[in-house]
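Here is the structure we will look at, set down as structure tokens.
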Amino acid sequence: MFDIKAKDMRGRVGVLKTNHGDVKTPALMPVIHPRKQAIDVKKYGADIVITNAYLIYKDDELKQKALDKGLHELINFSGPVMTDSGSFQLSVYGDIDISNKEVIEFQDLIGSDIGTSLDIPTAPFVDREKAENDLKITIERAKEAVKIKKENNIKMLLNSVVQGSTFPDLRQDCATQLASLDADLYPIGAVVPLMESYHYKDLVDVVMNSIMYLPDDVPRHLMGAGHPMVFALAVAMGCDLFDSAAYILYAEDDRLLSTRGTFKLENLQEMPCSCEVCSKYTPDDLRAMPKKQRRDLIAQHNLYVSFAELRLIRQAIYEGSLMELVEQRCRAHPALLDAVRQLANYNEDFEKYDPRSKKSAFFYTGSESLKRPEVLRHHQKLKEMSKKRDLIVLPPSRKPYSKFISGKLGEFHVFGSEQEIDLDNTDFMVLDVPFGLIPLEIDEVYPLSQNDSPKIKDVDSLEYLSNFLSDFIKNYEQILIHSKIIKELNIGLYNKSVNSDEIRYKKDDIKKIRAIADYQFGNGAGDALFKGNINVEKSKKTGKIRHVYDGKTLIVNMRASDSFLVLSKEGARRLHESCPYPKNRIVVNKDSEPFALDGKSVFSKFVVECDENIRARDEVLIVNEEDKLLAYGKSLLSACEINEFMSGQAIKTRKGMKK
Ligand code: GUN
Ligand code: ZN
């Protein structure tokens, strides 16, 4: 019902299948008023819309027409239509005269594609007792709706709305309980007041404490989010659907939406974009128009910018630049910048979802970038890495550093115990923003070369480098830090300085491929893979390593785009032999064994266990429950997704061991 095509952070490009066609997500559902809709939203890019079943139910004429001709004809939209249940009216007027059961059955009767139970939208910051009492009812009604759907064999898809006000544990509890219901979609409710009052930091807590406890293979809808300023942030947190009454409500009020915020028509000297409306009219033209005409034109602009933003977000997910977009967008308002800063508190969670390599480079856009999951991931790897006795720390050169560092390296200051320098027992690392220390052997691996930061460092970056360095050097006996770094970071208290001809970085292809293997597959993998008569073949054009053989037997290829190693059959065999179960492994059930042996791709539902460190784009071994090597390939998902998904491919198998 929901297939994921591309991922970045927790964001996904997906396809939601409905009875009235497929919807590409992230998607925006314009709110259609069943009586007074003036704008053809399809023209502006809407593939799915949302309307209010309660408003139809309450109006005898609309109700009769919906029952006779169906919802789609009533609102004149042939694509998928979602309906809301009247919960919003409940939250505004305090009471409505329809039961949960009635509203579910009514939505199905009029042919809604996706219906909603009668949840209680509890406002933010209420007292706990109210939030708990409301939540109890919301969950009971969600359960009842699922039961009605099963008993009456209803085909309509079902929304189960996460509530819990601003209490993280109530959101978690609600999401956990709803997750066990197997609903078709999970909206996150009662966030409109947070967005209207610019409580974006609290929005992050509410959304994350809901989404982290929802299944990954079901779409989530941020209810009532219609301002394009927040779309990128919400998508990065894992939201797939938005609905917007904002396009028309703001237009009623002479306000124009943009990703930079909202413009009041009365203040505009210039039209803010290049849509049809902004190209054709001036602010004075609009101000001179009759109210209704002006409203419709502003609403068209509002839809145009909202759909343009969603296209940009989907493109960013495809190329792996979603966080760059989020960081840009969140500079539109200090309250949004707070939201990005709050995201850092969930970095361990994001790291579990973020693909290992991306098509685009990592851009540092400000000190928030230092908290991104890619940085956390590298630091975890550095911690695990086996270390030599001494450390030499170099300032950055052009990237890849190892290609441009040669000859005499200059003056160093010595820390720790003083002893004769032994280059074979020394790690060479470059100190740079945003990754901290980068061992020279692995500097071509994504994203350690595929990143950029300004030459002029901000104080946060300098402090970060300083703290990172002083912590990391505790792993070594003797540390030589280049004088440029000493100066830049203003470091004192070294033992002496040295300026030796002997301190040179010697490139060594075998050391390099072993270090990359250790970084990629875990300590020891390098020695296990590259033994025997190792012979390294390089590209004539770029000089980069392409293939590694033992004699004539291929062991790995090095992927040109991200310098990760790609296993051959022999490589898979060696890795399997050397690393303990379940490391680097996907374990499949008995039924899929012959398919895997044959080189067929592995579907998530056949996976019984997997290494929790697997991320999208990782090289993996495919084994049976007795740890017999069946095949090897590339993971399309991360471990937590593989464990959860019941449909779709998990591993793109490269080869089965039978062939
Ligand atoms: N529209 C905006 N917020 C909500 C919510 O919390 N629940 C429902 N059902 N609809 C909404
Ligand atoms: Zn415009």
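Residue numbering restarts at 1 for every chain of the structure tokens, chains are lettered A, B, ... in their displayed order, and ligands are numbered from 1 as they appear.
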Around ligand 1, which protein and nucleic acid residues have at least one atom no more than 8 Å from it, if we count only C-alpha atoms and all ligand atoms? List them as a PDB file with all heavy atoms, in the first residue's frame.
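File pocket39.pdb, as written:
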```
ATOM      1  N   ASP A  84     -11.832  14.033   6.750  1.00  0.00           N
ATOM      2  CA  ASP A  84     -11.661  14.207   8.190  1.00  0.00           C
ATOM      3  C   ASP A  84     -13.029  14.002   8.831  1.00  0.00           C
ATOM      4  O   ASP A  84     -14.063  14.064   8.165  1.00  0.00           O
ATOM      5  CB  ASP A  84     -11.065  15.591   8.496  1.00  0.00           C
ATOM      6  CG  ASP A  84     -10.367  15.618   9.862  1.00  0.00           C
ATOM      7  OD1 ASP A  84     -10.509  14.637  10.629  1.00  0.00           O
ATOM      8  OD2 ASP A  84      -9.701  16.626  10.170  1.00  0.00           O
ATOM      9  N   SER A  85     -12.998  13.786  10.152  1.00  0.00           N
ATOM     10  CA  SER A  85     -14.181  13.243  10.814  1.00  0.00           C
ATOM     11  C   SER A  85     -15.025  14.249  11.568  1.00  0.00           C
ATOM     12  O   SER A  85     -16.074  13.903  12.081  1.00  0.00           O
ATOM     13  CB  SER A  85     -13.701  12.200  11.814  1.00  0.00           C
ATOM     14  OG  SER A  85     -12.760  12.827  12.676  1.00  0.00           O
ATOM     15  N   GLY A  86     -14.548  15.472  11.680  1.00  0.00           N
ATOM     16  CA  GLY A  86     -15.289  16.420  12.519  1.00  0.00           C
ATOM     17  C   GLY A  86     -14.595  16.660  13.845  1.00  0.00           C
ATOM     18  O   GLY A  86     -15.088  17.400  14.693  1.00  0.00           O
ATOM     19  N   SER A  87     -13.420  16.043  14.004  1.00  0.00           N
ATOM     20  CA  SER A  87     -12.672  16.250  15.244  1.00  0.00           C
ATOM     21  C   SER A  87     -12.299  17.709  15.436  1.00  0.00           C
ATOM     22  O   SER A  87     -12.274  18.222  16.549  1.00  0.00           O
ATOM     23  CB  SER A  87     -11.387  15.425  15.218  1.00  0.00           C
ATOM     24  OG  SER A  87     -11.709  14.074  15.222  1.00  0.00           O
ATOM     25  N   PHE A  88     -12.004  18.355  14.318  1.00  0.00           N
ATOM     26  CA  PHE A  88     -11.598  19.755  14.402  1.00  0.00           C
ATOM     27  C   PHE A  88     -12.771  20.613  14.894  1.00  0.00           C
ATOM     28  O   PHE A  88     -12.599  21.466  15.769  1.00  0.00           O
ATOM     29  CB  PHE A  88     -11.106  20.235  13.037  1.00  0.00           C
ATOM     30  CG  PHE A  88     -10.521  21.602  13.078  1.00  0.00           C
ATOM     31  CD1 PHE A  88      -9.323  21.839  13.749  1.00  0.00           C
ATOM     32  CD2 PHE A  88     -11.163  22.675  12.466  1.00  0.00           C
ATOM     33  CE1 PHE A  88      -8.782  23.112  13.804  1.00  0.00           C
ATOM     34  CE2 PHE A  88     -10.629  23.941  12.517  1.00  0.00           C
ATOM     35  CZ  PHE A  88      -9.439  24.165  13.185  1.00  0.00           C
ATOM     36  N   THR A 116     -11.283   8.894   8.651  1.00  0.00           N
ATOM     37  CA  THR A 116     -10.649   9.220   9.930  1.00  0.00           C
ATOM     38  C   THR A 116     -11.624   8.952  11.072  1.00  0.00           C
ATOM     39  O   THR A 116     -12.803   9.283  10.965  1.00  0.00           O
ATOM     40  CB  THR A 116     -10.244  10.718   9.949  1.00  0.00           C
ATOM     41  OG1 THR A 116      -9.550  11.021   8.738  1.00  0.00           O
ATOM     42  CG2 THR A 116      -9.372  11.059  11.141  1.00  0.00           C
ATOM     43  N   SER A 117     -11.101   8.371  12.162  1.00  0.00           N
ATOM     44  CA  SER A 117     -11.981   8.180  13.321  1.00  0.00           C
ATOM     45  C   SER A 117     -12.091   9.499  14.082  1.00  0.00           C
ATOM     46  O   SER A 117     -11.398  10.468  13.783  1.00  0.00           O
ATOM     47  CB  SER A 117     -11.438   7.064  14.218  1.00  0.00           C
ATOM     48  OG  SER A 117     -10.070   7.276  14.488  1.00  0.00           O
ATOM     49  N   LEU A 118     -12.959   9.509  15.065  1.00  0.00           N
ATOM     50  CA  LEU A 118     -13.273  10.762  15.769  1.00  0.00           C
ATOM     51  C   LEU A 118     -12.312  10.949  16.945  1.00  0.00           C
ATOM     52  O   LEU A 118     -12.673  10.751  18.102  1.00  0.00           O
ATOM     53  CB  LEU A 118     -14.725  10.687  16.246  1.00  0.00           C
ATOM     54  CG  LEU A 118     -15.423  11.995  16.594  1.00  0.00           C
ATOM     55  CD1 LEU A 118     -15.440  12.966  15.430  1.00  0.00           C
ATOM     56  CD2 LEU A 118     -16.859  11.705  17.026  1.00  0.00           C
ATOM     57  N   ASP A 119     -11.084  11.331  16.600  1.00  0.00           N
ATOM     58  CA  ASP A 119     -10.079  11.558  17.647  1.00  0.00           C
ATOM     59  C   ASP A 119     -10.361  12.864  18.376  1.00  0.00           C
ATOM     60  O   ASP A 119     -11.112  13.706  17.879  1.00  0.00           O
ATOM     61  CB  ASP A 119      -8.687  11.619  17.020  1.00  0.00           C
ATOM     62  CG  ASP A 119      -8.569  12.712  15.975  1.00  0.00           C
ATOM     63  OD1 ASP A 119      -9.363  12.693  15.012  1.00  0.00           O
ATOM     64  OD2 ASP A 119      -7.720  13.607  16.123  1.00  0.00           O
ATOM     65  N   ILE A 120      -9.739  13.025  19.534  1.00  0.00           N
ATOM     66  CA  ILE A 120      -9.896  14.281  20.277  1.00  0.00           C
ATOM     67  C   ILE A 120      -8.602  15.076  20.191  1.00  0.00           C
ATOM     68  O   ILE A 120      -7.584  14.690  20.779  1.00  0.00           O
ATOM     69  CB  ILE A 120     -10.242  14.022  21.753  1.00  0.00           C
ATOM     70  CG1 ILE A 120     -11.539  13.217  21.815  1.00  0.00           C
ATOM     71  CG2 ILE A 120     -10.374  15.343  22.509  1.00  0.00           C
ATOM     72  CD1 ILE A 120     -12.090  13.045  23.184  1.00  0.00           C
ATOM     73  N   PRO A 121      -8.608  16.186  19.446  1.00  0.00           N
ATOM     74  CA  PRO A 121      -7.392  16.992  19.349  1.00  0.00           C
ATOM     75  C   PRO A 121      -7.176  17.774  20.646  1.00  0.00           C
ATOM     76  O   PRO A 121      -7.795  18.800  20.865  1.00  0.00           O
ATOM     77  CB  PRO A 121      -7.681  17.951  18.193  1.00  0.00           C
ATOM     78  CG  PRO A 121      -8.933  17.441  17.541  1.00  0.00           C
ATOM     79  CD  PRO A 121      -9.684  16.717  18.602  1.00  0.00           C
ATOM     80  N   THR A 122      -6.302  17.257  21.487  1.00  0.00           N
ATOM     81  CA  THR A 122      -6.015  17.933  22.752  1.00  0.00           C
ATOM     82  C   THR A 122      -5.002  19.043  22.510  1.00  0.00           C
ATOM     83  O   THR A 122      -3.947  18.799  21.920  1.00  0.00           O
ATOM     84  CB  THR A 122      -5.432  16.928  23.766  1.00  0.00           C
ATOM     85  OG1 THR A 122      -6.225  15.739  23.727  1.00  0.00           O
ATOM     86  CG2 THR A 122      -5.422  17.502  25.170  1.00  0.00           C
ATOM     87  N   VAL A 161      -5.244   8.701  14.447  1.00  0.00           N
ATOM     88  CA  VAL A 161      -4.541   9.951  14.755  1.00  0.00           C
ATOM     89  C   VAL A 161      -3.801   9.866  16.093  1.00  0.00           C
ATOM     90  O   VAL A 161      -4.380   9.474  17.105  1.00  0.00           O
ATOM     91  CB  VAL A 161      -5.527  11.135  14.797  1.00  0.00           C
ATOM     92  CG1 VAL A 161      -4.767  12.456  14.932  1.00  0.00           C
ATOM     93  CG2 VAL A 161      -6.406  11.152  13.561  1.00  0.00           C
ATOM     94  N   VAL A 162      -2.521  10.272  16.071  1.00  0.00           N
ATOM     95  CA  VAL A 162      -1.725  10.318  17.302  1.00  0.00           C
ATOM     96  C   VAL A 162      -2.030  11.625  18.034  1.00  0.00           C
ATOM     97  O   VAL A 162      -1.911  12.708  17.465  1.00  0.00           O
ATOM     98  CB  VAL A 162      -0.208  10.235  17.010  1.00  0.00           C
ATOM     99  CG1 VAL A 162       0.592  10.234  18.315  1.00  0.00           C
ATOM    100  CG2 VAL A 162       0.112   9.007  16.179  1.00  0.00           C
ATOM    101  N   GLN A 163      -2.424  11.509  19.297  1.00  0.00           N
ATOM    102  CA  GLN A 163      -2.649  12.681  20.144  1.00  0.00           C
ATOM    103  C   GLN A 163      -1.743  12.562  21.373  1.00  0.00           C
ATOM    104  O   GLN A 163      -0.833  11.753  21.393  1.00  0.00           O
ATOM    105  CB  GLN A 163      -4.133  12.780  20.528  1.00  0.00           C
ATOM    106  CG  GLN A 163      -5.069  12.968  19.338  1.00  0.00           C
ATOM    107  CD  GLN A 163      -4.964  14.354  18.689  1.00  0.00           C
ATOM    108  OE1 GLN A 163      -4.279  15.259  19.186  1.00  0.00           O
ATOM    109  NE2 GLN A 163      -5.625  14.521  17.546  1.00  0.00           N
ATOM    110  N   PRO A 187      -1.903   9.865  11.067  1.00  0.00           N
ATOM    111  CA  PRO A 187      -1.754  11.314  11.184  1.00  0.00           C
ATOM    112  C   PRO A 187      -1.244  11.692  12.576  1.00  0.00           C
ATOM    113  O   PRO A 187      -1.441  10.947  13.540  1.00  0.00           O
ATOM    114  CB  PRO A 187      -3.177  11.845  10.990  1.00  0.00           C
ATOM    115  CG  PRO A 187      -3.955  10.691  10.433  1.00  0.00           C
ATOM    116  CD  PRO A 187      -3.301   9.461  10.967  1.00  0.00           C
ATOM    117  N   ILE A 188      -0.571  12.840  12.644  1.00  0.00           N
ATOM    118  CA  ILE A 188      -0.155  13.395  13.934  1.00  0.00           C
ATOM    119  C   ILE A 188      -1.023  14.619  14.162  1.00  0.00           C
ATOM    120  O   ILE A 188      -1.022  15.546  13.350  1.00  0.00           O
ATOM    121  CB  ILE A 188       1.339  13.741  13.903  1.00  0.00           C
ATOM    122  CG1 ILE A 188       2.122  12.441  13.698  1.00  0.00           C
ATOM    123  CG2 ILE A 188       1.775  14.418  15.200  1.00  0.00           C
ATOM    124  CD1 ILE A 188       3.527  12.649  13.256  1.00  0.00           C
ATOM    125  N   GLY A 189      -1.802  14.581  15.248  1.00  0.00           N
ATOM    126  CA  GLY A 189      -2.856  15.577  15.434  1.00  0.00           C
ATOM    127  C   GLY A 189      -2.507  16.684  16.401  1.00  0.00           C
ATOM    128  O   GLY A 189      -1.501  16.618  17.128  1.00  0.00           O
ATOM    129  N   ALA A 190      -3.345  17.687  16.389  1.00  0.00           N
ATOM    130  CA  ALA A 190      -3.294  18.810  17.339  1.00  0.00           C
ATOM    131  C   ALA A 190      -1.975  19.567  17.313  1.00  0.00           C
ATOM    132  O   ALA A 190      -1.457  19.991  18.346  1.00  0.00           O
ATOM    133  CB  ALA A 190      -3.606  18.316  18.752  1.00  0.00           C
ATOM    134  N   VAL A 191      -1.426  19.730  16.116  1.00  0.00           N
ATOM    135  CA  VAL A 191      -0.182  20.494  15.994  1.00  0.00           C
ATOM    136  C   VAL A 191      -0.420  21.910  15.450  1.00  0.00           C
ATOM    137  O   VAL A 191       0.483  22.745  15.477  1.00  0.00           O
ATOM    138  CB  VAL A 191       0.864  19.765  15.108  1.00  0.00           C
ATOM    139  CG1 VAL A 191       1.372  18.524  15.797  1.00  0.00           C
ATOM    140  CG2 VAL A 191       0.279  19.412  13.746  1.00  0.00           C
ATOM    141  N   VAL A 192      -1.650  22.171  14.982  1.00  0.00           N
ATOM    142  CA  VAL A 192      -1.930  23.501  14.409  1.00  0.00           C
ATOM    143  C   VAL A 192      -1.636  24.631  15.406  1.00  0.00           C
ATOM    144  O   VAL A 192      -0.957  25.598  15.055  1.00  0.00           O
ATOM    145  CB  VAL A 192      -3.377  23.569  13.864  1.00  0.00           C
ATOM    146  CG1 VAL A 192      -3.732  24.991  13.440  1.00  0.00           C
ATOM    147  CG2 VAL A 192      -3.543  22.614  12.686  1.00  0.00           C
ATOM    148  N   MET A 223      -1.146  16.807  10.452  1.00  0.00           N
ATOM    149  CA  MET A 223      -2.497  17.364  10.244  1.00  0.00           C
ATOM    150  C   MET A 223      -2.536  18.876  10.388  1.00  0.00           C
ATOM    151  O   MET A 223      -2.114  19.423  11.401  1.00  0.00           O
ATOM    152  CB  MET A 223      -3.456  16.759  11.252  1.00  0.00           C
ATOM    153  CG  MET A 223      -3.902  15.384  10.847  1.00  0.00           C
ATOM    154  SD  MET A 223      -5.301  14.888  11.848  1.00  0.00           S
ATOM    155  CE  MET A 223      -6.306  14.085  10.609  1.00  0.00           C
ATOM    156  N   GLY A 224      -3.047  19.511   9.360  1.00  0.00           N
ATOM    157  CA  GLY A 224      -3.234  20.953   9.423  1.00  0.00           C
ATOM    158  C   GLY A 224      -1.982  21.739   9.110  1.00  0.00           C
ATOM    159  O   GLY A 224      -1.955  22.959   9.262  1.00  0.00           O
ATOM    160  N   ALA A 225      -0.922  21.026   8.670  1.00  0.00           N
ATOM    161  CA  ALA A 225       0.310  21.742   8.299  1.00  0.00           C
ATOM    162  C   ALA A 225       0.188  22.143   6.841  1.00  0.00           C
ATOM    163  O   ALA A 225       0.166  21.297   5.965  1.00  0.00           O
ATOM    164  CB  ALA A 225       1.534  20.857   8.506  1.00  0.00           C
TER     165      ALA A 225
END
```
Worksheet item: Neighbours of ligand 2 within 8 Å, counting only C-alpha atoms and all ligand atoms, as number ranges by chain?
Response: A: 271-279, 298, 300-302, 304-305
Item to complete: Give the answer as one residue: which of A:Ile421, A:Val556, A:Ile456, A:Leu343 has the shortest atom-to-atom distance to Tyr364 of chain A, using only C-alpha atoms?
Response: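 Answer, going by the shortest atom-to-atom distance: A:Ile456.
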Worksheet item: For Leu382 of chain A, which residue among A:Val340, A:Leu181, A:Leu565, A:Ala515 is the nearest when counting only C-alpha atoms?
Response: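 When distances to Leu382 of chain A are compared using only C-alpha atoms, the smallest one comes from A:Ala515.
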Discussion item. Please identify the alpha helix (DSSP H) residues within segment 387-576 of chain A (assignment by DSSP from backbone atoms) and present them as a PyMOL selection string.
Written reply: chain A and resi 401-404+459-472+483-489+509-521+525-529+569-576
Fill in: Using only C-alpha atoms: which of A:Ala525, A:Ala517, A:Ala53, A:Val608 has the shortest distance to Pro580 of chain A
A:Ala525
Worksheet item: Do you know which residues are at most 7 Å from segment 263-270 of chain A counting only C-alpha atoms, after dropping those on the same chain fewer than 6 positions away, and could you put them as a ChimeraX atom specification?
Response: /A:254-257,282-283
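With atom CA of Ala6 of chain A on one side and atom CA of Ile317 of chain A on the other, the separation reads 6.5 Å.
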Tell me, as a PDB file with C-alpha atoms, in the first residue's frame, which residues lie within 9 Å of Gly45 of chain A, counting only C-alpha atoms; anything in the same chain fewer than 6 positions away does not count.
```pdb
ATOM      1  CA  LEU A  28       0.064  18.145  -0.029  1.00  0.00           C
ATOM      2  CA  LEU A 303      -0.922  26.650  -3.983  1.00  0.00           C
ATOM      3  CA  TYR A 304       1.803  27.282  -6.537  1.00  0.00           C
ATOM      4  CA  PHE A 307       3.565  22.501  -4.598  1.00  0.00           C
ATOM      5  CA  ALA A 308       6.846  23.971  -5.848  1.00  0.00           C
TER       6      ALA A 308
END
```
Discussion item. Which residues are near Arg559 of chain A? Cut-off 12 Å, only C-alpha atoms, ignore same chain within fewer than 5 positions. Put them as a ChimeraX atom specification.
Written reply: /A:357,444-446,516,538-539,544-548,564-567,617-619
Worksheet item: Looking only at the backbone, which of the residues in segment 41-134 of chain A does DSSP tag as strand (DSSP E or B), as a list in words?
Response: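 Matching residues for strand (DSSP E or B) in segment 41-134 of chain A are Val49, Ile50, Thr51, Asn52, Val81, Met82, Thr83, Asp84, Ile114, Gly115 and Thr116 of chain A.
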Practice prompt. Record the distance separating atom CA of Asp113 of chain A and atom CA of Val81 of chain A, expressed in Å with one decimal.
Written response: 5.4 Å
Discussion item. Please report the interatomic distance between atom CA of Val31 of chain A and atom CA of Met9 of chain A in Å with one decimal.
Written reply: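 If I compute the distance from atom CA of Val31 of chain A to atom CA of Met9 of chain A, I get 28.1 Å.
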